[in-house]
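S.K.: Let me give you the structure first, and then I'll get to my questions.
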Amino acid sequence: MSKKDSNTRNESAPSRIFWGIALVSLAGFALQIILTRLFSVLFFYNFVFIIISLAILGIGLGASFIQRISQKNISRQIHNLAWSASGGVLLLTVLITLPWAFDPRLIFIFLALLVYGFIGAISASLFRTWSSQSGTLYAADLSGGGFGALTALGLLTLMSGINALLLVALLLGIAGGIFAQKKRLNIAVAIFLSLFLGQNLLLNSFQINPADIPTPKPLTRQLIKFENTEIVHTEEDALGRVDVLENTNKPDQKLVFMDGAAGSMMLRYPETQADKIRIRSDLGYFPFLFAMPENILIIGPGGGKDILFAHLAKTQRIEAVEISGGVAKALEEFSAYNGNLASLPEVNLVVDEGRSYLRRSDKAYEMIYLSEVTSLSTELAGYMLAENYIYTTEAVKDYLGHLTDDGWLVFKLYDEFTLTRAFTTVMQALVDNGISEEDAARHVAVFLDPQALSQNEPFRSPLLMVSRNLITAKEGSELLKLTQDMNFIPVFIPHALEQGALGAITQGKITLNNLIIGFERGDMRPTSDNAPFFYEFSLGLPALLNSLLTGVAAFLLLALFYLFSNRKALAMPAYWQE
């Protein structure tokens with residue numbers, strides 16, 4: 001380093017500098033996790049993940065900005081940067097809870113970017129000022145980030161996301177006080193932020209209302225579109241937010257949403273015989289009516305509709321694995337409404353990830369039931385690049401491996417696309433297990449409910465049943481007769497009704513690959529753990545990725561043009577030169 005360089009200090013940094021950068025790093029990392037959690041309630045995952053990019057971009061921009069300011073001016077303003085970051089978090093918290101007449105995502109993005117710009121500027125200023133002790137600063141920075149991750153998870157478990165965000169604002173305010181060494185001002189800032197947080201802990205003055213922010217989330221659409229609909233219960237934890245919706249015009253059902261999506265149905269427990277007959281006429285009950293299993297594993301019971309099916313079918317042992325503790329608590333909260341499903345003697349409700357739970361188990365089930373993750377097919381577009389390890393070839397192998405010899409694997413799906421994708425995935429799993437394609441197709445049966453269909457959705461909510469063993473001619477005849485008795489539509493039943501593309505596979509006229517290639521409206525290749533995008537049907541790169549790549553390419557071209565047209569911007573700062 002040049003002896004003439006006056007931008008750095010050779011004396012030892014006071015301990016408060018290390019505590020300050022650790023606290024800023026802690027707050028920044030915690031903020032990233034908390035914002036991701038909060039935005040998950042309002043927006044689909046592909047927007048939420050931008051928070052990570054914003055953090056990196058903002059920190060980089062803040063650091064770049066600092067390099068253009070003289071050390072003399074910036075070293076005195078580090079505390080103001082921390083307080084500005086604190087104020088930005090506070091403002092963002094308030095704006096998230098306000099009602100909006102338009103989609104405010106760009107505003108939220110700008111504020112988050114600004115906050116991380118301040119955080120990046122703080123770090124760059126400290127490293128620039130105390131570069132001779134960069135190793136110790138870096139250790140403090142990393143330690144703060146690590147504690148930030150743990151802090152965020154703890155906060156989201158103990159309090160709402162909004163209160164956690166307010167606490168981050170308080171931490172950044174305290175960091176500003178550490179840098180400022182102005183006792184009176186420090187105390188005033190700390191008291192103000194503490195009072196703001198305290199009153200919200202007691203009064204819940206600032207809370208997210210999904211109905212106030214016009215976003216494409218299904219929960220928001222339900223609240224805005226249907227009158228007399230309101231949120232009657234909310235649970236929040238580190239994994240997600242669960243809301244229970246009630247519509248006074250539909251007293252026999254409630255909707256349970258996780259993070260404003262993944263809607264499932266909670267039914268009023270049927271008291272009369274007529275109510276029980278109505279529920280048993282649901283296509284989702286059909287597998288119970290045919291197989292009459294003595295034990296069952298339900299993966300993702302949600303609002304408990306599938307548990308109710310199994311209960312009405314007098315299934316003796318019902319294991320239901322729900323990934324969300326909030327959903328399980330909602331079932332218990334409305335036990336008087338749903339017939340105390342979670343506490344029935346035959347029911348074992350477990351909070352766990354379904355496939356992981358199954359892999360750790362040595363039990364064999366007569367039925368494994370996977371119901372709809374969402375009740376709205378229009379919601380699927382928001383999940384197109386979401387990883388889903390429940391519907392992969394390897395997952396199907398796990399399910400089949402935990403069935404009894406006469407067991408059934410049941411999928412309640414959404415439309416023709418998800419049905420076809422599930423079929424090809426099941427077929428691939430069976431073929432991988434050494435079964436020919438012709439025989440593999442005779443392990444499955446497909447059904448539709450005419451009451452759920454419409455001209456726009458001719459394949460809405462199909463049912464796919466997969467037998468561990470070949471479906472015999474006798475079983476095919478019994479399935480067809482029961483389907484006709486229940487007034488459902490048989491799409492494909494081995495031996496009894498072998499038609500369409502599935503029938504052509506059983507007869508050896510086409511292969512599975514022919515079916516996939518012949519489906520010109522989308523990509524129907526089976527999903528795997530290496531590519532678990534069950535809801536992505538686009539041929540070629542998804543439109544979302546195309547748009548993203550185009551934007552990144554345009555940004556890089558503009559950046560290169562700027563750098564080469566301003567050669568001074570490429571010059572190395574003096575304090576990096578020898």
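Every chain in the structure tokens takes a letter, A first, then B, and so on in the order presented; its residues are numbered from 1, and the ligands are numbered from 1 following the presented order.
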Give me the residues near Lys276 in chain A as a VMD selection string, where near means some atom within 12 Å (using only C-alpha atoms) and where sequence neighbours in that chain fewer than 3 positions away do not count.

M.R.: chain A and resid 267 to 273 279 to 282 285 308 to 309 311 to 313

S.K.: Keeping N, CA and C atoms, export the residues of the selection given above as a tab-separated table (two decimals), in the first residue's frame.

M.R.:
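What follows is the written file part_17.tsv:
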```
chain	number	residue	atom	x	y	z
A	267	LEU	N	-64.07	-29.16	5.75
A	267	LEU	CA	-65.51	-29.37	5.67
A	267	LEU	C	-66.12	-29.42	7.07
A	268	ARG	N	-67.33	-28.92	7.16
A	268	ARG	CA	-68.09	-29.10	8.40
A	268	ARG	C	-68.38	-30.59	8.58
A	269	TYR	N	-68.21	-31.08	9.77
A	269	TYR	CA	-68.45	-32.51	10.00
A	269	TYR	C	-69.92	-32.83	9.72
A	270	PRO	N	-70.18	-33.84	8.90
A	270	PRO	CA	-71.56	-34.17	8.53
A	270	PRO	C	-72.34	-34.77	9.70
A	271	GLU	N	-73.43	-34.13	10.05
A	271	GLU	CA	-74.24	-34.62	11.16
A	271	GLU	C	-75.38	-35.51	10.69
A	272	THR	N	-75.86	-35.27	9.48
A	272	THR	CA	-77.00	-36.03	8.98
A	272	THR	C	-76.55	-37.04	7.93
A	273	GLN	N	-77.41	-38.01	7.67
A	273	GLN	CA	-77.10	-39.01	6.66
A	273	GLN	C	-76.99	-38.37	5.28
A	279	ILE	N	-70.95	-35.99	0.84
A	279	ILE	CA	-69.48	-36.05	0.89
A	279	ILE	C	-68.97	-37.31	0.21
A	280	ARG	N	-69.68	-38.41	0.38
A	280	ARG	CA	-69.26	-39.67	-0.24
A	280	ARG	C	-69.44	-39.66	-1.75
A	281	SER	N	-70.17	-38.68	-2.26
A	281	SER	CA	-70.34	-38.58	-3.71
A	281	SER	C	-69.21	-37.80	-4.37
A	282	ASP	N	-68.26	-37.31	-3.56
A	282	ASP	CA	-67.09	-36.60	-4.07
A	282	ASP	C	-66.15	-37.60	-4.75
A	285	TYR	N	-63.51	-39.35	-2.76
A	285	TYR	CA	-63.89	-40.46	-1.88
A	285	TYR	C	-63.90	-41.79	-2.63
A	308	LEU	N	-61.28	-36.76	6.59
A	308	LEU	CA	-62.72	-37.01	6.73
A	308	LEU	C	-63.16	-38.14	5.81
A	309	PHE	N	-62.65	-38.16	4.58
A	309	PHE	CA	-62.96	-39.27	3.66
A	309	PHE	C	-62.60	-40.61	4.31
A	311	HIS	N	-62.10	-41.32	7.42
A	311	HIS	CA	-62.93	-41.56	8.62
A	311	HIS	C	-64.30	-42.10	8.23
A	312	LEU	N	-64.93	-41.50	7.23
A	312	LEU	CA	-66.25	-41.95	6.80
A	312	LEU	C	-66.18	-43.34	6.17
A	313	ALA	N	-65.02	-43.69	5.62
A	313	ALA	CA	-64.83	-45.03	5.04
A	313	ALA	C	-64.48	-46.06	6.11
```

S.K.: Identify, on the basis of only C-alpha atoms, every residue whose closest approach to Ile323 in chain A does not exceed 8 Å; exclude the query and any residue fewer than 2 positions from it along the same chain; express the result as a VMD selection string.

M.R.: chain A and resid 300 321 325 351 to 354

S.K.: Excluding Ile231 in chain A and any residue of its chain fewer than 2 positions from it, enumerate the residues within 9 Å of it, using only C-alpha atoms, and give them as a PyMOL selection string.

M.R.: chain A and resi 223+229+233-234+243-246

S.K.: Those selected residues, please, written with C-alpha atoms and delivered as a JSON list (two decimals), in the first residue's frame.

M.R.:
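After the write, selection-v6.json holds the following:
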```json
[["chain", "number", "residue", "atom", "x", "y", "z"],
["A", 223, "LEU", "CA", -61.07, -11.94, -0.21],
["A", 229, "THR", "CA", -65.45, -13.62, 3.02],
["A", 233, "HIS", "CA", -57.85, -17.39, 12.03],
["A", 234, "THR", "CA", -54.14, -16.86, 11.38],
["A", 243, "ASP", "CA", -54.99, -18.30, 7.13],
["A", 244, "VAL", "CA", -58.44, -19.81, 7.53],
["A", 245, "LEU", "CA", -61.12, -18.17, 5.38],
["A", 246, "GLU", "CA", -64.83, -18.24, 6.08]]
```

S.K.: Extract, using only C-alpha atoms, all DNA, RNA and protein residues at most 12 Å from Lys397 in chain A, discarding same-chain residues fewer than 3 positions from it, and format them as a ChimeraX atom specification.

M.R.: /A:355,358-359,390-394,400-403,409,425-434,466,468,528-529

S.K.: Give me every strand (DSSP E or B) residue in range 247-469 of chain A, going by DSSP on the backbone, as a ChimeraX atom specification.

M.R.: /A:247,253-258,261-267,295-299,317-322,347-351,365-370,403-412,444-448,463-467

S.K.: Find the spatial neighbours of Leu497 in chain A, counting only C-alpha atoms, within a cut-off of 12 Å - ignore same-chain residues fewer than 6 positions away - and output them as a PyMOL selection string.

M.R.: chain A and resi 442+444-447+473+475-481+483+489-491+503-504+506

S.K.: Could the residues in this selection be written to a file with N, CA and C atoms, as a PDB file, in the first residue's frame?

M.R.:
```pdb
ATOM      1  N   ARG A 442     -51.200 -50.775 -17.333  1.00  0.00           N
ATOM      2  CA  ARG A 442     -52.309 -51.518 -16.721  1.00  0.00           C
ATOM      3  C   ARG A 442     -52.215 -51.523 -15.189  1.00  0.00           C
ATOM      4  N   VAL A 444     -52.639 -48.441 -13.846  1.00  0.00           N
ATOM      5  CA  VAL A 444     -53.279 -47.154 -13.555  1.00  0.00           C
ATOM      6  C   VAL A 444     -54.709 -47.110 -14.073  1.00  0.00           C
ATOM      7  N   ALA A 445     -55.499 -46.236 -13.435  1.00  0.00           N
ATOM      8  CA  ALA A 445     -56.870 -45.965 -13.872  1.00  0.00           C
ATOM      9  C   ALA A 445     -57.132 -44.478 -13.662  1.00  0.00           C
ATOM     10  N   VAL A 446     -57.932 -43.882 -14.554  1.00  0.00           N
ATOM     11  CA  VAL A 446     -58.169 -42.435 -14.525  1.00  0.00           C
ATOM     12  C   VAL A 446     -59.669 -42.159 -14.560  1.00  0.00           C
ATOM     13  N   PHE A 447     -60.102 -41.176 -13.730  1.00  0.00           N
ATOM     14  CA  PHE A 447     -61.526 -40.858 -13.627  1.00  0.00           C
ATOM     15  C   PHE A 447     -61.732 -39.342 -13.559  1.00  0.00           C
ATOM     16  N   ALA A 473     -58.524 -58.159 -14.936  1.00  0.00           N
ATOM     17  CA  ALA A 473     -59.762 -57.945 -15.692  1.00  0.00           C
ATOM     18  C   ALA A 473     -60.951 -57.829 -14.750  1.00  0.00           C
ATOM     19  N   GLU A 475     -60.903 -56.743 -11.585  1.00  0.00           N
ATOM     20  CA  GLU A 475     -60.840 -55.438 -10.918  1.00  0.00           C
ATOM     21  C   GLU A 475     -61.247 -54.328 -11.881  1.00  0.00           C
ATOM     22  N   GLY A 476     -60.850 -54.454 -13.149  1.00  0.00           N
ATOM     23  CA  GLY A 476     -61.245 -53.462 -14.140  1.00  0.00           C
ATOM     24  C   GLY A 476     -62.747 -53.397 -14.297  1.00  0.00           C
ATOM     25  N   SER A 477     -63.401 -54.551 -14.345  1.00  0.00           N
ATOM     26  CA  SER A 477     -64.864 -54.601 -14.464  1.00  0.00           C
ATOM     27  C   SER A 477     -65.526 -53.986 -13.232  1.00  0.00           C
ATOM     28  N   GLU A 478     -64.978 -54.279 -12.048  1.00  0.00           N
ATOM     29  CA  GLU A 478     -65.545 -53.728 -10.813  1.00  0.00           C
ATOM     30  C   GLU A 478     -65.374 -52.208 -10.761  1.00  0.00           C
ATOM     31  N   LEU A 479     -64.217 -51.733 -11.202  1.00  0.00           N
ATOM     32  CA  LEU A 479     -63.992 -50.286 -11.248  1.00  0.00           C
ATOM     33  C   LEU A 479     -64.968 -49.604 -12.193  1.00  0.00           C
ATOM     34  N   LEU A 480     -65.171 -50.192 -13.370  1.00  0.00           N
ATOM     35  CA  LEU A 480     -66.081 -49.606 -14.347  1.00  0.00           C
ATOM     36  C   LEU A 480     -67.504 -49.565 -13.814  1.00  0.00           C
ATOM     37  N   LYS A 481     -67.951 -50.649 -13.191  1.00  0.00           N
ATOM     38  CA  LYS A 481     -69.320 -50.699 -12.660  1.00  0.00           C
ATOM     39  C   LYS A 481     -69.517 -49.668 -11.553  1.00  0.00           C
ATOM     40  N   THR A 483     -67.821 -46.952 -11.108  1.00  0.00           N
ATOM     41  CA  THR A 483     -67.770 -45.621 -11.728  1.00  0.00           C
ATOM     42  C   THR A 483     -69.126 -45.242 -12.300  1.00  0.00           C
ATOM     43  N   ILE A 489     -66.994 -40.256 -14.653  1.00  0.00           N
ATOM     44  CA  ILE A 489     -66.590 -40.518 -16.033  1.00  0.00           C
ATOM     45  C   ILE A 489     -65.313 -41.353 -16.028  1.00  0.00           C
ATOM     46  N   PRO A 490     -65.353 -42.586 -16.554  1.00  0.00           N
ATOM     47  CA  PRO A 490     -64.124 -43.377 -16.663  1.00  0.00           C
ATOM     48  C   PRO A 490     -63.326 -42.924 -17.889  1.00  0.00           C
ATOM     49  N   VAL A 491     -62.092 -42.524 -17.687  1.00  0.00           N
ATOM     50  CA  VAL A 491     -61.230 -42.102 -18.791  1.00  0.00           C
ATOM     51  C   VAL A 491     -60.399 -43.278 -19.286  1.00  0.00           C
ATOM     52  N   GLY A 503     -54.665 -46.262 -23.751  1.00  0.00           N
ATOM     53  CA  GLY A 503     -55.027 -47.557 -24.313  1.00  0.00           C
ATOM     54  C   GLY A 503     -54.062 -47.989 -25.398  1.00  0.00           C
ATOM     55  N   ALA A 504     -53.594 -47.027 -26.188  1.00  0.00           N
ATOM     56  CA  ALA A 504     -52.637 -47.347 -27.252  1.00  0.00           C
ATOM     57  C   ALA A 504     -51.325 -47.869 -26.675  1.00  0.00           C
ATOM     58  N   THR A 506     -51.053 -49.609 -23.805  1.00  0.00           N
ATOM     59  CA  THR A 506     -51.292 -50.984 -23.333  1.00  0.00           C
ATOM     60  C   THR A 506     -51.298 -51.974 -24.488  1.00  0.00           C
TER      61      THR A 506
END
```

S.K.: For range 133-149 of chain A, work out the shell of residues within 8 Å, counting only C-alpha atoms and skipping chain neighbours fewer than 4 positions away, then give it as a ChimeraX atom specification.

M.R.: /A:12-13,18-19,21-30,33,127,153

S.K.: Which residues are near Asn80 in chain A? Cut-off 9 Å, only C-alpha atoms, ignore same chain within fewer than 6 positions. Put them as a ChimeraX atom specification.

M.R.: /A:176,179-180

S.K.: Nearest to Leu255 in chain A among A:Leu349, A:Ile69, A:Ala330, A:Ala310, with distances taken over only C-alpha atoms: which residue is it?

M.R.: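 Result for the nearest residue to Leu255 in chain A: A:Ala330.
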
S.K.: Write down as a PyMOL selection string the residues of range 223-430 of chain A whose backbone DSSP state falls under helix (DSSP H, G or I).

M.R.: chain A and resi 223-225+273-280+283-291+305-312+325-333+335-338+341-343+354-359+377-383+393-401+416-430

S.K.: What would the file look like if the residues just selected were written as a tab-separated table (two decimals), in the first residue's frame with C-alpha atoms?

M.R.:
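Printed below is out_37.tsv as written:
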```tsv
chain	number	residue	atom	x	y	z
A	223	LEU	CA	-61.07	-11.94	-0.21
A	224	ILE	CA	-61.59	-9.37	-2.96
A	225	LYS	CA	-63.83	-11.36	-5.31
A	273	GLN	CA	-77.10	-39.01	6.66
A	274	ALA	CA	-77.79	-36.68	3.74
A	275	ASP	CA	-74.59	-34.75	4.50
A	276	LYS	CA	-72.58	-37.98	4.60
A	277	ILE	CA	-74.03	-39.11	1.28
A	278	ARG	CA	-73.10	-35.75	-0.26
A	279	ILE	CA	-69.48	-36.05	0.89
A	280	ARG	CA	-69.26	-39.67	-0.24
A	283	LEU	CA	-64.63	-38.08	-6.59
A	284	GLY	CA	-61.95	-37.90	-3.91
A	285	TYR	CA	-63.89	-40.46	-1.88
A	286	PHE	CA	-64.06	-42.93	-4.79
A	287	PRO	CA	-60.75	-44.75	-3.96
A	288	PHE	CA	-62.01	-45.43	-0.43
A	289	LEU	CA	-65.28	-46.74	-1.79
A	290	PHE	CA	-63.47	-49.18	-4.07
A	291	ALA	CA	-60.45	-50.28	-2.02
A	305	LYS	CA	-60.96	-33.19	3.80
A	306	ASP	CA	-59.03	-36.39	3.02
A	307	ILE	CA	-58.93	-37.37	6.70
A	308	LEU	CA	-62.72	-37.01	6.73
A	309	PHE	CA	-62.96	-39.27	3.66
A	310	ALA	CA	-60.90	-41.95	5.42
A	311	HIS	CA	-62.93	-41.56	8.62
A	312	LEU	CA	-66.25	-41.95	6.80
A	325	GLY	CA	-47.44	-26.86	11.92
A	326	GLY	CA	-49.76	-23.90	11.38
A	327	VAL	CA	-52.16	-26.05	9.34
A	328	ALA	CA	-52.17	-28.69	12.09
A	329	LYS	CA	-52.94	-25.99	14.67
A	330	ALA	CA	-55.78	-24.69	12.48
A	331	LEU	CA	-57.32	-28.17	12.42
A	332	GLU	CA	-57.21	-28.22	16.21
A	333	GLU	CA	-58.53	-24.65	16.50
A	335	SER	CA	-62.08	-29.03	16.00
A	336	ALA	CA	-65.70	-28.33	16.94
A	337	TYR	CA	-66.40	-27.48	13.31
A	338	ASN	CA	-64.55	-30.34	11.59
A	341	LEU	CA	-60.51	-34.86	13.06
A	342	ALA	CA	-56.96	-34.36	14.32
A	343	SER	CA	-57.75	-36.05	17.65
A	354	GLY	CA	-44.24	-36.37	3.75
A	355	ARG	CA	-41.61	-38.10	1.67
A	356	SER	CA	-38.96	-37.85	4.38
A	357	TYR	CA	-41.41	-39.32	6.89
A	358	LEU	CA	-42.16	-42.20	4.55
A	359	ARG	CA	-38.50	-42.98	3.91
A	377	SER	CA	-55.80	-24.41	-11.31
A	378	THR	CA	-55.08	-20.74	-12.10
A	379	GLU	CA	-52.62	-20.77	-9.20
A	380	LEU	CA	-50.38	-23.32	-10.90
A	381	ALA	CA	-48.64	-20.69	-13.05
A	382	GLY	CA	-47.10	-19.31	-9.89
A	383	TYR	CA	-45.42	-22.64	-9.15
A	393	THR	CA	-40.10	-40.51	-10.35
A	394	GLU	CA	-38.01	-41.30	-7.28
A	395	ALA	CA	-40.89	-40.24	-5.01
A	396	VAL	CA	-43.30	-42.58	-6.81
A	397	LYS	CA	-40.82	-45.42	-6.28
A	398	ASP	CA	-40.80	-44.59	-2.57
A	399	TYR	CA	-44.61	-44.67	-2.47
A	400	LEU	CA	-44.88	-47.95	-4.36
A	401	GLY	CA	-42.25	-49.48	-2.10
A	416	GLU	CA	-55.08	-32.43	-18.17
A	417	PHE	CA	-51.52	-31.14	-17.89
A	418	THR	CA	-50.94	-32.30	-14.32
A	419	LEU	CA	-52.72	-35.58	-15.06
A	420	THR	CA	-50.48	-36.28	-18.06
A	421	ARG	CA	-47.33	-35.28	-16.16
A	422	ALA	CA	-48.32	-37.51	-13.23
A	423	PHE	CA	-49.06	-40.40	-15.60
A	424	THR	CA	-45.69	-40.18	-17.38
A	425	THR	CA	-43.91	-39.90	-14.02
A	426	VAL	CA	-45.71	-42.97	-12.65
A	427	MET	CA	-45.01	-44.87	-15.86
A	428	GLN	CA	-41.30	-44.03	-15.69
A	429	ALA	CA	-41.15	-45.23	-12.07
A	430	LEU	CA	-42.82	-48.53	-12.99
```

S.K.: Point out the residue among A:Ile78, A:Leu167, A:Val41, A:Val115 with the least atom-to-atom distance to Ala55 in chain A, counting only C-alpha atoms.

M.R.: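 Of the candidates, the smallest distance to Ala55 in chain A is held by A:Val115.
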
S.K.: Just how far from CA of Glu294 in chain A is CA of Asp362 in chain A, in Å to one decimal?

M.R.: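 Interatomic distance, CA of Asp362 in chain A to CA of Glu294 in chain A: 17.0 Å.
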
S.K.: Go through A:Leu98, A:Leu558, A:Ile517, A:Ala63 and flag the residue nearest Ser123 in chain A, using only C-alpha atoms for the distances.

M.R.: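 Of A:Leu98, A:Leu558, A:Ile517, A:Ala63, the one nearest Ser123 in chain A is A:Ala63, counting only C-alpha atoms.
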
S.K.: Restricting the calculation to only C-alpha atoms, which member of A:Leu344, A:Leu92, A:Ile368, A:Ile56 is positioned closest to Leu297 in chain A?

M.R.: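 That would be A:Ile368, the residue with the smallest distance to Leu297 in chain A.
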